[in-house]
Amino acid sequence: MLDIKFIRANVDIVKQAVKNKNLKIDVNELLKVDENRKKLQGEIDSLRTQKNELAEAGKKNRPTDEQIKRGKAIKEKIIEIETEFKLVDEKYKELMWQTPQIPCSDAPLGQDETDNVEVKKWGKIKKFAFPIKDHLELGKNLDILDVEKGAKVGGYRGYYLKNEGVLLHLGLMMFAMEKMVKNGFKPFIPPTIIREFAMYGSGHFPFGKDDIYQIINSGKLADGSNVAENKYLVGTSEPSILAYHADEILNETELPKKYCGFSQCYRSEIGSYGKDTRGIYRIHEFMKIEQVIFCKNDYKESEKLHQEITAISEEILKDMEIPYRILDICTGDMGAGKYRMFDLESWMPSRNSYGETHSSSNLGDWQARRLNIKYQQKDGQKLFVHTLNNTAIASPRILIAILENNQQADGSIVVPKVLRKYLPGKIKIIRKK
RNA sequence: GGUGGGGUGGCCGAGUGGUUGAAGGCGCAGCUCUCGAAAAGCUGUAUAUCCGAAAGGAUAUCUAGAGUUCAAAUCUCUAUCCCACCGCCA
């Protein structure tokens, strides 16, 4: 969300951002609605002034019949204008929720993912002297991954992790968590069933509604319909962590606040039916450790922190010796709320390409405005914080890279050194039983 | 699922229709006192929107929404959250 005053004063900049981000919101309409809303609000205010004056007079003496009559007339007029105001206000809010963050001028301009710019590559891509297997085949043979049973029980895109697959998966979480704590991030396990406001706050609503599961109680009402609660399953712990400070005024001295959230994540993946159907690349639930930062309203600082959280994720990939690249995401692909965004993609041999495993974003104060998160400066001024987030680790998707990059001719897997301590006996190689 | 009790400013807490944007306390800021500090005293201390160059003014906000009334923190209804006890349960 943007400041309406900023929008009024910088119409062209906002329009340009809408265009660059490939959005449809009509800024002229917003301004018209805003103007109308202001006008109606003014009318209501002056009527209420009259009402209050009348009530003030009634404090001293019992109101006369004449005054009561006037009061009634004013009341009716207020109701009439308020009815109109509500309609206008609804439209206003709807449009305001959709106003995009102004993207950083350094971000590449572009329409979609084909315009993203590769800015870094790390690691040596292994050349295998034998025909490689993909993670599905490797996982099945080693009895650590089973998507057939996953589909049988969990449905399309269900999966079971088993044996060392589980230990590897949990080890990854623990490895990333330890790294985060070492870097001064406070660990959180947040709620994964959350209320609507938090979804709006992060910007997952109204934009990404399709991908979010809503809770429906299995019990039926008398008319046979289901009870849909206004609660949702998170797709990441980001909204839960952000909303932790909703409606709060933080102290400047406590910033930046660095948190990491560990949670199961749920994604409906509606709209991507035909995409990435093989394996565990695109699935309905996974575990993730997410980095979240609240910092001062200062792009110099938030951009520095953006580099920092990106570097932490790079370090995690380097520690595991997974080749990766970094994409500078273009304006059209970054999402409405973002100021700057980098994706980290890990090398996945079976895809013969990189696949997204991390996503690092600076949102400026766009989310903080939605969630009303401020901080007070020494001089007393209150400003909205900047917020940032990035994946620390998300599994099992990352297992694709780990299994496939470390496979041996016999189908066994060499465990990355940093993960060995999470396996019993600190085994170096996962072999077929 | 059942029953009962609650939700007031940064915090605690008073307040059952009109003198309450809200007593009192705490906290915080400034000043006085002091070599300095503590203590004490004094003063100040919400947010949002609109109008205004500013000073300032208007409106709204006592969980939220709806209603009663000339007038609502206060009465009614609904929702919601918290707490307690019972039932069920990992």
# chains A, B, ... in the order shown; residues from 1 in each chain; ligands from 1
$ closest_atom_pairs --of "chain A" --to "chain B" --cutoff "8 Å" --atoms "only C-alpha atoms (C1' of nucleotides)" --output "Markdown table"
| residue | atom | partner | partner_atom | distance |
| --- | --- | --- | --- | --- |
| A:Lys38 | CA | B:C50 | C1' | 7.5 |
| A:Gln41 | CA | B:C50 | C1' | 7.9 |
| A:Gly42 | CA | B:C50 | C1' | 6.8 |
| A:Asp45 | CA | B:U59 | C1' | 5.0 |
| A:Ser46 | CA | B:A58 | C1' | 7.5 |
| A:Arg48 | CA | B:U59 | C1' | 7.4 |
| A:Thr49 | CA | B:A58 | C1' | 7.4 |
| A:Leu54 | CA | B:C70 | C1' | 7.3 |
| A:Ala55 | CA | B:A71 | C1' | 5.0 |
| A:Glu56 | CA | B:G18 | C1' | 7.6 |
| A:Gly58 | CA | B:G18 | C1' | 6.9 |
| A:Lys59 | CA | B:G18 | C1' | 4.6 |
| A:Pro63 | CA | B:C70 | C1' | 6.8 |
| A:Gln67 | CA | B:C70 | C1' | 6.4 |
| A:Ile68 | CA | B:C70 | C1' | 4.2 |
| A:Lys69 | CA | B:C70 | C1' | 7.3 |
| A:Arg70 | CA | B:C70 | C1' | 7.6 |
| A:Gly71 | CA | B:C70 | C1' | 4.8 |
| A:Lys72 | CA | B:C70 | C1' | 6.6 |
$ write_last_selection --atoms "N, CA and C atoms" --output "tab-separated table (two decimals), in the first residue's frame"
chain	number	residue	atom	x	y	z
A	38	LYS	N	-13.38	12.20	-0.20
A	38	LYS	CA	-13.03	13.37	0.61
A	38	LYS	C	-14.22	14.32	0.71
A	41	GLN	N	-16.86	12.85	2.96
A	41	GLN	CA	-16.38	12.89	4.35
A	41	GLN	C	-16.56	14.30	4.92
A	42	GLY	N	-16.27	15.31	4.10
A	42	GLY	CA	-16.43	16.69	4.53
A	42	GLY	C	-17.88	17.00	4.87
A	45	ASP	N	-18.75	15.33	8.11
A	45	ASP	CA	-18.12	16.03	9.23
A	45	ASP	C	-18.91	17.26	9.64
A	46	SER	N	-19.34	18.05	8.65
A	46	SER	CA	-20.02	19.30	9.03
A	46	SER	C	-21.41	19.00	9.60
A	48	ARG	N	-22.06	16.36	11.36
A	48	ARG	CA	-21.79	15.88	12.72
A	48	ARG	C	-21.47	17.03	13.65
A	49	THR	N	-20.82	18.05	13.12
A	49	THR	CA	-20.57	19.24	13.93
A	49	THR	C	-21.88	19.81	14.43
A	54	LEU	N	-25.76	20.61	18.87
A	54	LEU	CA	-27.11	20.42	19.39
A	54	LEU	C	-27.09	19.61	20.69
A	55	ALA	N	-26.29	18.55	20.67
A	55	ALA	CA	-26.19	17.71	21.86
A	55	ALA	C	-25.57	18.50	23.01
A	56	GLU	N	-24.61	19.35	22.67
A	56	GLU	CA	-23.95	20.19	23.69
A	56	GLU	C	-24.98	21.09	24.36
A	58	GLY	N	-28.11	20.52	24.60
A	58	GLY	CA	-29.04	19.68	25.36
A	58	GLY	C	-28.51	19.29	26.73
A	59	LYS	N	-27.20	19.47	26.93
A	59	LYS	CA	-26.61	19.13	28.22
A	59	LYS	C	-27.10	20.09	29.31
A	63	PRO	N	-33.72	19.39	25.98
A	63	PRO	CA	-33.94	19.88	24.62
A	63	PRO	C	-35.41	20.21	24.36
A	67	GLN	N	-35.68	21.54	18.97
A	67	GLN	CA	-34.31	20.99	18.89
A	67	GLN	C	-34.34	19.50	18.56
A	68	ILE	N	-35.28	18.81	19.17
A	68	ILE	CA	-35.39	17.37	18.91
A	68	ILE	C	-35.73	17.13	17.45
A	69	LYS	N	-36.60	17.97	16.94
A	69	LYS	CA	-37.00	17.85	15.54
A	69	LYS	C	-35.79	18.08	14.62
A	70	ARG	N	-35.02	19.11	14.95
A	70	ARG	CA	-33.84	19.42	14.15
A	70	ARG	C	-32.83	18.27	14.22
A	71	GLY	N	-32.66	17.75	15.43
A	71	GLY	CA	-31.73	16.63	15.63
A	71	GLY	C	-32.10	15.44	14.77
A	72	LYS	N	-33.40	15.18	14.73
A	72	LYS	CA	-33.85	14.04	13.92
A	72	LYS	C	-33.54	14.25	12.45
$ select_by_dssp --residues "segment 288-395 of chain A" --states "alpha helix (DSSP H)" --output "VMD selection string"
chain A and resid 299 to 319 366 to 371
$ residues_around --residues "G4 of chain B" --least-positions-apart "4" --cutoff "12 Å" --atoms "only C-alpha atoms (C1' of nucleotides)" --output "compact mmCIF listing (two decimals) with N, CA, C and O atoms (P, O5', C5', C4', C3', O3' and C1' of nucleotides), in the first residue's frame"
# COMPACT_ATOMS: atom_id res chain seq x y z
P C B 83 -6.35 -16.84 27.07
O5' C B 83 -7.12 -16.63 28.46
C5' C B 83 -6.54 -15.85 29.50
C4' C B 83 -7.51 -15.72 30.64
C3' C B 83 -8.06 -17.04 31.17
O3' C B 83 -7.14 -17.69 32.04
C1' C B 83 -9.83 -15.51 30.90
P A B 84 -7.18 -19.27 32.15
O5' A B 84 -8.48 -19.51 33.03
C5' A B 84 -8.52 -19.06 34.39
C4' A B 84 -9.88 -19.36 34.98
C3' A B 84 -10.34 -20.80 34.84
O3' A B 84 -9.77 -21.63 35.84
C1' A B 84 -12.10 -19.35 34.22
P C B 85 -9.45 -23.14 35.48
O5' C B 85 -10.88 -23.83 35.54
C5' C B 85 -11.53 -24.01 36.80
C4' C B 85 -12.97 -24.37 36.58
C3' C B 85 -13.22 -25.64 35.78
O3' C B 85 -13.06 -26.82 36.55
C1' C B 85 -14.63 -23.94 34.98
P C B 86 -12.60 -28.14 35.83
O5' C B 86 -13.90 -28.58 35.05
C5' C B 86 -15.06 -29.03 35.76
C4' C B 86 -16.19 -29.31 34.80
C3' C B 86 -15.89 -30.32 33.69
O3' C B 86 -15.95 -31.67 34.15
C1' C B 86 -16.98 -28.46 32.76
$ atom_distance --atom1 "atom CA of Asp333 of chain A" --atom2 "atom CA of Asp319 of chain A"
29.0 Å
$ residues_around --residues "segment 256-268 of chain A" --least-positions-apart "4" --cutoff "8 Å" --atoms "only C-alpha atoms (C1' of nucleotides)" --output "PyMOL selection string"
chain A and resi 177+180+184-190+192+210-213+233-238+241+283-296
$ select_by_dssp --residues "segment 148-238 of chain A" --states "strand (DSSP E)" --output "NGL selection string"
:A and (160-161 or 186-188 or 193-195 or 214-220 or 226-233)
$ atom_distance --atom1 "atom CA of Lys421 of chain A" --atom2 "atom CA of Gln407 of chain A"
19.1 Å
$ closest_atom_pairs --of "segment 338-416 of chain A" --to "segment 320-330 of chain A" --cutoff "10 Å" --atoms "only C-alpha atoms" --output "JSON lines"
{"residue": "A:Arg340", "atom": "CA", "partner": "A:Ile329", "partner_atom": "CA", "distance": 7.5}
{"residue": "A:Met341", "atom": "CA", "partner": "A:Ile329", "partner_atom": "CA", "distance": 5.5}
{"residue": "A:Phe342", "atom": "CA", "partner": "A:Asp328", "partner_atom": "CA", "distance": 4.8}
{"residue": "A:Asp343", "atom": "CA", "partner": "A:Leu327", "partner_atom": "CA", "distance": 5.2}
{"residue": "A:Leu344", "atom": "CA", "partner": "A:Ile326", "partner_atom": "CA", "distance": 4.7}
{"residue": "A:Glu345", "atom": "CA", "partner": "A:Tyr324", "partner_atom": "CA", "distance": 5.3}
{"residue": "A:Ser346", "atom": "CA", "partner": "A:Tyr324", "partner_atom": "CA", "distance": 4.3}
{"residue": "A:Trp347", "atom": "CA", "partner": "A:Pro323", "partner_atom": "CA", "distance": 5.4}
{"residue": "A:Met348", "atom": "CA", "partner": "A:Pro323", "partner_atom": "CA", "distance": 8.8}
{"residue": "A:Ser353", "atom": "CA", "partner": "A:Tyr324", "partner_atom": "CA", "distance": 9.9}
{"residue": "A:Tyr354", "atom": "CA", "partner": "A:Tyr324", "partner_atom": "CA", "distance": 7.0}
{"residue": "A:Gly355", "atom": "CA", "partner": "A:Tyr324", "partner_atom": "CA", "distance": 8.8}
{"residue": "A:Glu356", "atom": "CA", "partner": "A:Tyr324", "partner_atom": "CA", "distance": 9.3}
{"residue": "A:Thr357", "atom": "CA", "partner": "A:Tyr324", "partner_atom": "CA", "distance": 9.3}
{"residue": "A:His358", "atom": "CA", "partner": "A:Ile326", "partner_atom": "CA", "distance": 9.4}
{"residue": "A:Ser359", "atom": "CA", "partner": "A:Leu327", "partner_atom": "CA", "distance": 9.5}
{"residue": "A:Ser360", "atom": "CA", "partner": "A:Ile329", "partner_atom": "CA", "distance": 9.8}
{"residue": "A:Ser361", "atom": "CA", "partner": "A:Ile329", "partner_atom": "CA", "distance": 9.7}
{"residue": "A:Ile398", "atom": "CA", "partner": "A:Ile322", "partner_atom": "CA", "distance": 9.5}
{"residue": "A:Ala401", "atom": "CA", "partner": "A:Ile322", "partner_atom": "CA", "distance": 7.0}
{"residue": "A:Ile402", "atom": "CA", "partner": "A:Ile322", "partner_atom": "CA", "distance": 7.2}
{"residue": "A:Asn405", "atom": "CA", "partner": "A:Ile322", "partner_atom": "CA", "distance": 7.4}
{"residue": "A:Asn406", "atom": "CA", "partner": "A:Ile322", "partner_atom": "CA", "distance": 9.2}
{"residue": "A:Val415", "atom": "CA", "partner": "A:Met320", "partner_atom": "CA", "distance": 8.9}
{"residue": "A:Pro416", "atom": "CA", "partner": "A:Met320", "partner_atom": "CA", "distance": 5.4}
$ atom_distance --atom1 "atom CA of Met174 of chain A" --atom2 "atom CA of Ser412 of chain A"
23.3 Å
$ residues_around --residues "U8 of chain B" --least-positions-apart "3" --cutoff "10 Å" --atoms "only C-alpha atoms (C1' of nucleotides)" --output "JSON, numbers by chain"
{"B": [13, 14, 15, 22, 62, 73]}
